[in-house]
file start-v9.csv (CSV, C-alpha atoms)
chain,number,residue,atom,x,y,z
H,1,MET,CA,42.2,-10.7,-6.1
H,2,SER,CA,38.5,-9.7,-6.5
H,3,LYS,CA,36.5,-8.7,-3.5
H,4,LYS,CA,33.3,-10.4,-2.5
H,5,THR,CA,30.9,-8.1,-0.7
H,6,SER,CA,27.2,-7.3,-1.0
H,7,ASN,CA,28.0,-4.1,-2.8
H,8,HIS,CA,30.5,-5.5,-5.3
H,9,PHE,CA,30.5,-8.2,-8.0
H,10,ASP,CA,33.5,-10.0,-9.4
H,11,SER,CA,34.7,-8.9,-12.8
H,12,ALA,CA,35.2,-11.5,-15.5
H,13,ASN,CA,38.9,-10.7,-15.4
H,14,SER,CA,40.4,-10.9,-11.9
H,15,ASP,CA,43.0,-8.3,-12.8
H,16,LYS,CA,40.4,-5.6,-13.0
H,17,PRO,CA,39.0,-4.1,-9.8
H,18,ALA,CA,35.5,-5.1,-8.8
H,19,ARG,CA,32.8,-2.5,-9.8
H,20,LYS,CA,30.9,-1.0,-6.9
H,21,ILE,CA,27.2,-1.2,-7.4
H,22,GLY,CA,26.4,0.8,-4.3
H,23,PRO,CA,23.0,1.2,-2.6
H,24,ILE,CA,20.0,0.4,-4.8
H,25,VAL,CA,18.0,3.7,-4.8
H,26,SER,CA,15.9,5.8,-7.2
H,27,SER,CA,17.7,9.0,-6.6
H,28,ALA,CA,21.5,8.8,-6.0
H,29,HIS,CA,21.6,12.4,-4.9
H,30,LEU,CA,19.5,11.5,-1.9
H,31,ALA,CA,21.8,8.5,-1.0
H,32,SER,CA,24.8,10.7,-0.7
H,33,GLY,CA,23.8,12.2,2.7
H,34,ARG,CA,23.9,10.8,6.2
H,35,SER,CA,21.7,7.8,5.5
H,36,SER,CA,22.1,5.8,2.3
H,37,GLU,CA,20.2,3.1,4.1
H,38,LEU,CA,17.2,5.4,4.4
H,39,SER,CA,17.3,6.0,0.6
H,40,GLU,CA,17.4,2.2,0.1
H,41,LEU,CA,14.4,1.8,2.4
H,42,GLU,CA,12.5,4.6,0.6
H,43,PHE,CA,13.2,3.0,-2.8
H,44,GLY,CA,11.9,-0.3,-1.4
H,45,LEU,CA,8.7,1.5,-0.2
H,46,ILE,CA,8.3,3.2,-3.6
H,47,VAL,CA,8.5,0.0,-5.6
H,48,ALA,CA,6.5,-2.0,-3.0
H,49,SER,CA,3.7,0.5,-2.9
H,50,HIS,CA,3.4,0.5,-6.7
H,51,ALA,CA,3.5,-3.3,-6.8
H,52,PHE,CA,0.8,-3.4,-4.0
H,53,ASN,CA,-1.4,-1.0,-6.0
H,54,ARG,CA,-1.1,-3.1,-9.1
H,55,TRP,CA,-1.8,-6.2,-7.1
H,56,MET,CA,-5.0,-4.8,-5.6
H,57,ILE,CA,-6.3,-3.9,-9.1
H,58,HIS,CA,-5.5,-7.3,-10.5
H,59,CYS,CA,-6.8,-9.2,-7.5
H,60,ALA,CA,-10.1,-7.2,-7.7
H,61,SER,CA,-10.3,-8.0,-11.4
H,62,ALA,CA,-9.8,-11.7,-10.8
H,63,ALA,CA,-12.5,-11.5,-8.1
H,64,GLY,CA,-14.9,-10.0,-10.7
H,65,ILE,CA,-14.6,-6.4,-9.7
H,66,THR,CA,-13.7,-4.4,-12.8
H,67,ASP,CA,-12.9,-0.8,-13.6
H,68,MET,CA,-11.4,-0.2,-10.2
H,69,SER,CA,-8.4,1.9,-9.2
H,70,HIS,CA,-6.3,0.9,-6.2
H,71,LEU,CA,-8.0,3.6,-4.2
H,72,ASP,CA,-11.4,2.3,-5.1
H,73,VAL,CA,-10.4,-1.2,-3.8
H,74,LEU,CA,-9.1,0.3,-0.6
H,75,VAL,CA,-12.3,2.4,-0.1
H,76,LEU,CA,-14.5,-0.7,-0.8
H,77,HIS,CA,-12.6,-2.8,1.8
H,78,SER,CA,-12.7,0.1,4.3
H,79,SER,CA,-16.4,0.5,3.8
H,80,ASN,CA,-16.8,-3.3,4.5
H,81,HIS,CA,-14.6,-3.2,7.6
H,82,ARG,CA,-16.3,-4.5,10.7
H,83,SER,CA,-19.7,-4.2,8.9
H,84,ARG,CA,-20.2,-0.6,10.2
H,85,ALA,CA,-21.3,2.4,8.1
H,86,LYS,CA,-18.6,5.1,7.8
H,87,LYS,CA,-18.4,8.7,7.0
H,88,VAL,CA,-15.9,9.9,4.3
H,89,SER,CA,-13.8,11.4,7.1
H,90,ASP,CA,-13.7,8.0,8.9
H,91,ILE,CA,-12.4,6.3,5.7
H,92,CYS,CA,-9.9,9.1,5.1
H,93,MET,CA,-8.6,8.8,8.7
H,94,VAL,CA,-8.1,5.1,8.6
H,95,LEU,CA,-6.4,5.2,5.2
H,96,ASN,CA,-4.4,8.3,6.1
H,97,ILE,CA,-5.7,10.2,3.1
H,98,GLU,CA,-5.8,14.0,3.2
H,99,ASP,CA,-7.6,14.6,0.0
H,100,THR,CA,-11.2,13.8,0.9
H,101,HIS,CA,-12.4,14.5,-2.7
H,102,THR,CA,-10.4,11.4,-3.9
H,103,VAL,CA,-12.3,9.2,-1.5
H,104,THR,CA,-15.6,10.9,-2.3
H,105,TYR,CA,-15.0,10.2,-6.0
H,106,SER,CA,-14.2,6.5,-5.3
H,107,LEU,CA,-17.4,6.3,-3.3
H,108,LYS,CA,-19.4,7.7,-6.2
H,109,LYS,CA,-17.9,5.1,-8.5
H,110,LEU,CA,-18.7,2.3,-5.9
H,111,LEU,CA,-22.3,3.6,-5.5
H,112,LYS,CA,-22.7,3.5,-9.3
H,113,GLN,CA,-21.5,-0.1,-9.4
H,114,GLU,CA,-23.9,-0.8,-6.5
H,115,LEU,CA,-21.0,-2.0,-4.3
H,116,VAL,CA,-21.7,0.5,-1.5
H,117,LYS,CA,-24.9,2.3,-0.4
H,118,SER,CA,-25.3,5.7,1.3
H,119,GLU,CA,-27.5,6.7,4.2
H,120,LYS,CA,-28.2,10.3,5.5
H,121,ARG,CA,-28.1,10.6,9.3
H,122,GLY,CA,-28.8,14.3,10.1
H,123,LYS,CA,-26.2,16.3,8.1
H,124,GLU,CA,-23.8,13.4,7.7
H,125,THR,CA,-23.7,10.7,5.0
H,126,PHE,CA,-22.7,7.2,6.0
H,127,TYR,CA,-21.5,4.6,3.6
H,128,SER,CA,-21.6,0.8,3.9
H,129,VAL,CA,-21.2,-2.1,1.5
H,130,THR,CA,-24.2,-3.7,-0.2
H,131,ASP,CA,-24.6,-7.5,-0.3
H,132,LYS,CA,-23.0,-7.3,-3.8
H,133,GLY,CA,-20.0,-5.3,-2.3
H,134,ALA,CA,-19.6,-7.8,0.6
H,135,ALA,CA,-19.6,-10.7,-1.9
H,136,CYS,CA,-16.9,-8.9,-3.9
H,137,CYS,CA,-14.8,-8.4,-0.8
H,138,LYS,CA,-15.2,-12.1,0.0
H,139,ALA,CA,-14.2,-13.1,-3.5
H,140,TYR,CA,-11.2,-10.7,-3.3
H,141,SER,CA,-10.2,-12.4,0.0
H,142,GLU,CA,-10.3,-15.8,-1.7
H,143,VAL,CA,-8.1,-14.7,-4.6
H,144,ARG,CA,-5.7,-13.1,-2.1
H,145,GLU,CA,-5.5,-16.4,-0.2
H,146,ASN,CA,-4.9,-18.4,-3.3
H,147,CYS,CA,-2.4,-16.1,-5.0
H,148,LEU,CA,-0.5,-14.4,-2.3
H,149,VAL,CA,-0.6,-15.9,1.2
H,150,ASP,CA,1.4,-19.1,0.4
H,151,SER,CA,4.0,-17.0,-1.6
H,152,LEU,CA,5.0,-15.2,1.5
H,153,LYS,CA,6.3,-18.4,2.9
H,154,THR,CA,8.9,-18.5,0.1
H,155,LEU,CA,10.4,-15.3,1.6
H,156,GLY,CA,10.5,-16.9,5.1
H,157,PHE,CA,7.7,-14.7,6.3
H,158,GLY,CA,5.6,-16.3,9.0
H,159,GLU,CA,2.9,-14.6,11.1
H,160,GLU,CA,5.4,-13.2,13.6
H,161,GLU,CA,7.6,-11.6,10.9
H,162,LEU,CA,4.6,-10.1,9.1
H,163,GLY,CA,3.5,-8.6,12.4
H,164,LYS,CA,6.9,-7.1,13.0
H,165,ALA,CA,7.0,-5.6,9.4
H,166,ALA,CA,3.5,-4.1,10.0
H,167,VAL,CA,4.6,-2.5,13.2
H,168,LEU,CA,7.7,-1.1,11.4
H,169,LEU,CA,5.6,0.3,8.5
H,170,ARG,CA,3.1,1.9,10.8
H,171,GLY,CA,5.9,3.4,12.9
H,172,MET,CA,7.6,4.7,9.7
H,173,SER,CA,4.3,6.3,8.6
H,174,GLY,CA,4.2,8.3,11.9
H,175,LEU,CA,7.8,9.4,11.3
H,176,TYR,CA,7.0,10.5,7.8
H,177,ASP,CA,3.8,12.3,8.9
H,178,GLN,CA,5.8,14.2,11.6
H,179,ALA,CA,8.6,15.0,9.1
H,180,ALA,CA,5.9,16.3,6.7
H,181,ARG,CA,4.6,18.6,9.4
H,182,SER,CA,8.1,19.9,10.1
H,183,ALA,CA,8.8,20.5,6.4
H,184,ALA,CA,5.5,22.3,6.0
H,185,SER,CA,6.5,24.7,8.8
H,186,LEU,CA,9.8,25.7,7.1

call {"tool": "encode", "arguments": {"input": "start-v9.csv", "output": "structure tokens"}}
result
Amino acid sequence: MSKKTSNHFDSANSDKPARKIGPIVSSAHLASGRSSELSELEFGLIVASHAFNRWMIHCASAAGITDMSHLDVLVLHSSNHRSRAKKVSDICMVLNIEDTHTVTYSLKKLLKQELVKSEKRGKETFYSVTDKGAACCKAYSEVRENCLVDSLKTLGFGEEELGKAAVLLRGMSGLYDQAARSAASL
């Protein structure tokens, strides 16, 4: 007499009704509106972003880059991207970061560790990785390949599925940016 659905589980006693688990969310009051599925997606984004941040720190540590925050790791990789020097505003734009002071602080830490270098060009300061920084990025890439890439296959993610997920996430970021602008105007 027990129901079998994705939102229910069988009780030990079939005379008792199955207990509804409901959507898996961080804030039930947000799941009671028009889109509980959006609340589930947002919870997934929350836990995935925290797991990703933790992963970057541990991957960097395994690659020999210590005392780094997840933002420091992102800024290091962005500074290494395409082997071109970048301004703080360029890094902020690519990483979709509004608070330039957080990126500036990360760059100061990376300068101190001699992972990036700075160069004045007129009034602007440009940042690029040092040889040490490039070697650290390479080591990070190797740890990533060894610890993460093959694991994705266990979820059934091939290159095509990862590409589709990336498109979805970039599209969602645009929707959230637009919604933030709308909310800021209220």

call {"tool": "closest_residue", "arguments": {"input": "start-v9.csv", "among": "H:Phe52, H:Leu148, H:Leu169, H:Asp67", "to": "Lys112 of chain H", "atoms": "only C-alpha atoms"}}
result
H:Asp67

call {"tool": "atom_distance", "arguments": {"input": "start-v9.csv", "atom1": "atom CA of Ser79 of chain H", "atom2": "atom CA of Glu114 of chain H"}}
result
12.8 Å

call {"tool": "residues_around", "arguments": {"input": "start-v9.csv", "residues": "segment 37-45 of chain H", "least_positions_apart": "2", "cutoff": "9 Å", "atoms": "all atoms listed in the file", "output": "NGL selection string"}}
result
:H and (23-28 or 30-32 or 34-35 or 47-50)

call {"tool": "atom_distance", "arguments": {"input": "start-v9.csv", "atom1": "atom CA of Ser78 of chain H", "atom2": "atom CA of Leu152 of chain H"}}
result
23.6 Å

call {"tool": "closest_residue", "arguments": {"input": "start-v9.csv", "among": "H:Lys138, H:Ser106, H:Ile91, H:Gly122", "to": "Leu71 of chain H", "atoms": "all atoms listed in the file"}}
result
H:Ser106

call {"tool": "closest_residue", "arguments": {"input": "start-v9.csv", "among": "H:Ile46, H:Val143, H:Leu110, H:Ala183", "to": "His58 of chain H", "atoms": "only C-alpha atoms"}}
result
H:Val143

call {"tool": "closest_residue", "arguments": {"input": "start-v9.csv", "among": "H:Ser118, H:Glu98, H:Gly133, H:Glu124", "to": "Val73 of chain H", "atoms": "all atoms listed in the file"}}
result
H:Gly133

call {"tool": "residues_around", "arguments": {"input": "start-v9.csv", "residues": "Arg121 of chain H", "least_positions_apart": "3", "cutoff": "12 Å", "atoms": "only C-alpha atoms", "output": "CSV table (one decimal) with C-alpha atoms, keeping the file's coordinate frame"}}
result
chain,number,residue,atom,x,y,z
H,85,ALA,CA,-21.3,2.4,8.1
H,86,LYS,CA,-18.6,5.1,7.8
H,87,LYS,CA,-18.4,8.7,7.0
H,118,SER,CA,-25.3,5.7,1.3
H,124,GLU,CA,-23.8,13.4,7.7
H,125,THR,CA,-23.7,10.7,5.0
H,126,PHE,CA,-22.7,7.2,6.0
H,127,TYR,CA,-21.5,4.6,3.6

call {"tool": "closest_residue", "arguments": {"input": "start-v9.csv", "among": "H:Gly64, H:Leu107, H:Leu95, H:Ala166", "to": "Leu76 of chain H", "atoms": "only C-alpha atoms"}}
result
H:Leu107

call {"tool": "atom_distance", "arguments": {"input": "start-v9.csv", "atom1": "atom CA of Val149 of chain H", "atom2": "atom CA of Ala60 of chain H"}}
result
15.7 Å

call {"tool": "closest_residue", "arguments": {"input": "start-v9.csv", "among": "H:Trp55, H:Gly33, H:Cys137, H:Met93", "to": "His81 of chain H", "atoms": "only C-alpha atoms"}}
result
H:Cys137

call {"tool": "residues_around", "arguments": {"input": "start-v9.csv", "residues": "Asp131 of chain H", "least_positions_apart": "4", "cutoff": "12 Å", "atoms": "only C-alpha atoms", "output": "number ranges by chain"}}
result
H: 80, 83, 114-117, 135-138

call {"tool": "build_atoms", "arguments": {"input": "start-v9.csv", "residues": "segment 36-64 of chain H", "atoms": "N, CA and C atoms", "output": "short mmCIF file (atom, residue, chain, number, x, y, z; two decimals), keeping the file's coordinate frame"}}
result
data_model
loop_
_atom_site.label_atom_id
_atom_site.label_comp_id
_atom_site.auth_asym_id
_atom_site.auth_seq_id
_atom_site.Cartn_x
_atom_site.Cartn_y
_atom_site.Cartn_z
N SER H 36 22.36 6.53 3.51
CA SER H 36 22.10 5.80 2.30
C SER H 36 21.10 4.70 2.51
N GLU H 37 21.13 4.15 3.71
CA GLU H 37 20.20 3.10 4.10
C GLU H 37 18.76 3.55 4.02
N LEU H 38 18.52 4.79 4.46
CA LEU H 38 17.20 5.40 4.40
C LEU H 38 16.73 5.49 2.95
N SER H 39 17.65 5.89 2.07
CA SER H 39 17.30 6.00 0.60
C SER H 39 16.98 4.62 0.07
N GLU H 40 17.70 3.59 0.51
CA GLU H 40 17.40 2.20 0.10
C GLU H 40 16.00 1.81 0.55
N LEU H 41 15.69 2.11 1.81
CA LEU H 41 14.40 1.80 2.40
C LEU H 41 13.28 2.53 1.59
N GLU H 42 13.51 3.81 1.31
CA GLU H 42 12.50 4.60 0.60
C GLU H 42 12.28 4.04 -0.81
N PHE H 43 13.34 3.62 -1.48
CA PHE H 43 13.20 3.00 -2.80
C PHE H 43 12.37 1.72 -2.68
N GLY H 44 12.66 0.95 -1.65
CA GLY H 44 11.90 -0.30 -1.40
C GLY H 44 10.40 0.05 -1.18
N LEU H 45 10.13 1.12 -0.42
CA LEU H 45 8.70 1.50 -0.20
C LEU H 45 8.07 1.96 -1.49
N ILE H 46 8.81 2.68 -2.33
CA ILE H 46 8.30 3.20 -3.60
C ILE H 46 7.86 1.98 -4.49
N VAL H 47 8.79 1.06 -4.70
CA VAL H 47 8.50 0.00 -5.60
C VAL H 47 7.46 -0.99 -4.99
N ALA H 48 7.51 -1.17 -3.68
CA ALA H 48 6.50 -2.00 -3.00
C ALA H 48 5.13 -1.40 -3.08
N SER H 49 5.03 -0.09 -2.90
CA SER H 49 3.70 0.50 -2.90
C SER H 49 3.11 0.45 -4.34
N HIS H 50 3.94 0.64 -5.37
CA HIS H 50 3.40 0.50 -6.70
C HIS H 50 3.02 -0.93 -7.04
N ALA H 51 3.81 -1.88 -6.59
CA ALA H 51 3.50 -3.30 -6.80
C ALA H 51 2.20 -3.65 -6.05
N PHE H 52 2.06 -3.14 -4.84
CA PHE H 52 0.80 -3.40 -4.00
C PHE H 52 -0.38 -2.81 -4.73
N ASN H 53 -0.25 -1.58 -5.24
CA ASN H 53 -1.40 -1.00 -6.00
C ASN H 53 -1.78 -1.78 -7.17
N ARG H 54 -0.78 -2.23 -7.95
CA ARG H 54 -1.10 -3.10 -9.10
C ARG H 54 -1.73 -4.37 -8.69
N TRP H 55 -1.22 -4.96 -7.62
CA TRP H 55 -1.80 -6.20 -7.10
C TRP H 55 -3.25 -6.04 -6.75
N MET H 56 -3.59 -4.96 -6.04
CA MET H 56 -5.00 -4.80 -5.60
C MET H 56 -5.91 -4.70 -6.86
N ILE H 57 -5.48 -4.01 -7.89
CA ILE H 57 -6.30 -3.90 -9.10
C ILE H 57 -6.49 -5.24 -9.77
N HIS H 58 -5.40 -6.03 -9.90
CA HIS H 58 -5.50 -7.30 -10.50
C HIS H 58 -6.25 -8.34 -9.68
N CYS H 59 -6.07 -8.27 -8.38
CA CYS H 59 -6.80 -9.20 -7.50
C CYS H 59 -8.30 -8.86 -7.57
N ALA H 60 -8.65 -7.57 -7.57
CA ALA H 60 -10.10 -7.20 -7.70
C ALA H 60 -10.63 -7.67 -9.02
N SER H 61 -9.86 -7.51 -10.08
CA SER H 61 -10.30 -8.00 -11.40
C SER H 61 -10.54 -9.47 -11.42
N ALA H 62 -9.62 -10.21 -10.84
CA ALA H 62 -9.80 -11.70 -10.80
C ALA H 62 -10.97 -12.07 -9.92
N ALA H 63 -11.35 -11.21 -8.98
CA ALA H 63 -12.50 -11.50 -8.10
C ALA H 63 -13.80 -10.98 -8.79
N GLY H 64 -13.69 -10.44 -10.01
CA GLY H 64 -14.90 -10.00 -10.70
C GLY H 64 -15.24 -8.55 -10.54
#
